[in-house]
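**Q** Please see the structure below; I have some questions.
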Amino acid sequence: MNKEELKELIEKGRTEQIEFKNSKSSIDDVARTVCAFLNRKGGRILIGFSDKGKPTGILDVSSLYQQLETELHKMISPSTFWSVEQAEDAGKDFIIVDVPEGMDKPYIVDGAIYIRAGIKDVPATRDDISTLIHKRSEAGVRWERQVAIGTGLEDLEENIIVETAHLAVNSERWKGNPKDIESFLHSFGLLMSGSLTKAALVLYGKNPTRFFPQAKVRLMVMPSGKTGGHYSMDKEFDGGLLRITQEIQDSLAVYVGGTSSTFLAQNWQRSDRQSYSLPALREGVMNALVHRDYESNGSILISVLPDSIKISNPGSLPEGLKVTDLKKNHLSFPRNPDIAHICFLHRLIEKVGRGTQFIVENCRNAQLKDPRWISSSLETSLIFFSSLNKAGAQDLNERQKKIIEVLKSSKNMKATEIVILLGTDITDRTIRNDLDSLIKQRLIVRNGRGPSTTYSLENQESK
């Protein structure tokens, strides 16, 4: 978490989803708050602060971090996941615990159930417990927890399961024999009453698309001079999630892992830049695999275009999350917590609720345009832009430069409003040609249609 994000959280103060704790707070105290957040809407615990949010810091942050990493998960049941992160500001060390809303309520710590009531963690009453159980039953059995009919252990890649089990034991997140596959699967909700769940097949299946065709991923690489229906690559990945993650990454690296070079007119020096940020691409693929709507019949499509990469994922964003939230500090909304938990144990996910921000940060660090998310009721897409995609100011005429400056000061402007602010006599056809040119260069975006059409900067969030 960067300093700006930390400052934003501190300024909000204690809320139903933000709690401060000082460095002397016991592990038991932190565990009760984690439990309370799981049983409500999730939240963040900021350790190293007074009750009023005054930063006090943590003297031995590494020791406390290790305690939280190894002890918290032993205290709370049923098994779920959250992330613990170290942060630093003004020479002081802090710890942030990110807790998503739990999907298997009620959660218990030390034999008791806690809920968040305003800014306090309180023991749940009998009515509270009844409500939690009722809401869970109302929600029904989510797709990943449903039984994968007609499957057995022989349909899974046991060596990958053992690998995850070893990682879980080494991180002290599971106590068991890594070779006891059934025990491991049962502990993490992947084996229910002797039957494999759909999540188990998605994660570890030898060929999960035989049972769930929508679980496949298609990668299409389109050459710059594409003719007819021929592509540089048109490949389908139909193995388990933990296997194809690396296969997809390796395939993408062949086509987008290089650098692009340009010569600066000012001094004739060559400027080398990454074509894409591979860590950001990897995170984008992981987000699609982990958070996709597996109830949809569609599959994930990764399209490599001459100057961009588009990851199209079936389903809308989780309820309560908007496109404009993705670049901001936001809580996690895991659609498939069992799948996410295993990916977390397998070290494919590092921080809860930080994936989209990680993507943006890595693109900016590579001096690339910010990625763009588009979401509808049917599909959510993430677009990465290559270093070749970013047009320079020298490519714009004077009017287009002024349009960019005008849109920096105001969001969602109509063409007629832009003309007025430019203060020059411009025909309707001229302004629309300029706007169309800027859209093609992906410097601005068109919002809406007809008389209500407005324009805004590519990376500017709409109101």
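Scheme for the structure tokens: letters A, B, ... for chains in order shown; per-chain residue numbers from 1; ligand numbers from 1 in order shown.
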Write out as a list in words each polymer residue whose atoms come within 10 Å of Leu438 of chain A, counting only C-alpha atoms; drop sequence neighbours fewer than 5 positions from it.

**A**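 Here the answer would be Ala391, Leu396, Gln400, Lys401, Ile403, Ile404, Arg432, Asn433, Leu443, Ile444, Val445, Arg446, Leu457 and Glu458 of chain A.
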
**Q** Using DSSP on the backbone coordinates, identify all residues within segment 96-178 of chain A classified as helix (DSSP H, G or I); present the result as number ranges by chain.

**A** A: 126-139, 143-145, 153-155, 158-170

**Q** Grab the atom CA of Ser77 of chain A to atom CA of Ser63 of chain A distance for me, in Å with one decimal place.

**A** 23.9 Å

**Q** Quick one: everything within 8 Å of Phe344 of chain A, counting only C-alpha atoms, minus sequence neighbours fewer than 5 positions away in the same chain. Send it as a list in words.

**A**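 Here the answer would be Phe81, Ile349 and Glu350 of chain A.
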
**Q** Could you write those residues out with C-alpha atoms, as a compact mmCIF listing (two decimals), in the first residue's frame?

**A**
```txt
# COMPACT_ATOMS: atom_id res chain seq x y z
CA PHE A 81 -8.23 -16.05 3.69
CA ILE A 349 -2.20 -14.00 -5.24
CA GLU A 350 -0.22 -11.77 -2.90
```

**Q** If you count only C-alpha atoms, which residues fall within 9 Å of Ser79 of chain A, apart from same-chain ones fewer than 2 positions away, as a list of chain:residue names?

**A**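 Result of the neighbour search: A:His73, A:Lys74, A:Ile76, A:Ser77, A:Phe81, A:Asp104, A:Tyr107, A:Ser187, A:Phe188, A:Gly189.
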
**Q** Kindly export the residues of the current selection with N, CA and C atoms, as a tab-separated table (two decimals), in the first residue's frame.

**A**
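Final output, saved to result_30.tsv:
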```tsv
chain	number	residue	atom	x	y	z
A	73	HIS	N	-4.75	-17.38	11.26
A	73	HIS	CA	-5.58	-18.38	10.57
A	73	HIS	C	-5.86	-19.60	11.42
A	74	LYS	N	-5.05	-19.83	12.46
A	74	LYS	CA	-5.27	-20.97	13.35
A	74	LYS	C	-6.43	-20.70	14.31
A	76	ILE	N	-9.30	-18.81	13.66
A	76	ILE	CA	-10.62	-18.53	13.08
A	76	ILE	C	-11.07	-19.69	12.21
A	77	SER	N	-12.32	-20.07	12.37
A	77	SER	CA	-12.91	-21.11	11.53
A	77	SER	C	-14.32	-20.67	11.10
A	81	PHE	N	-9.50	-16.74	3.89
A	81	PHE	CA	-8.23	-16.05	3.69
A	81	PHE	C	-8.39	-14.54	3.81
A	104	ASP	N	-18.80	-17.87	4.05
A	104	ASP	CA	-19.26	-19.05	4.79
A	104	ASP	C	-19.58	-18.70	6.23
A	107	TYR	N	-18.48	-17.02	11.17
A	107	TYR	CA	-17.10	-17.34	11.51
A	107	TYR	C	-16.93	-17.27	13.02
A	187	SER	N	-10.02	-30.09	3.80
A	187	SER	CA	-9.74	-28.95	4.68
A	187	SER	C	-10.09	-27.62	4.03
A	188	PHE	N	-10.00	-27.57	2.70
A	188	PHE	CA	-10.23	-26.31	2.01
A	188	PHE	C	-11.50	-26.32	1.17
A	189	GLY	N	-12.43	-27.18	1.55
A	189	GLY	CA	-13.76	-27.17	0.94
A	189	GLY	C	-13.82	-27.67	-0.48
```
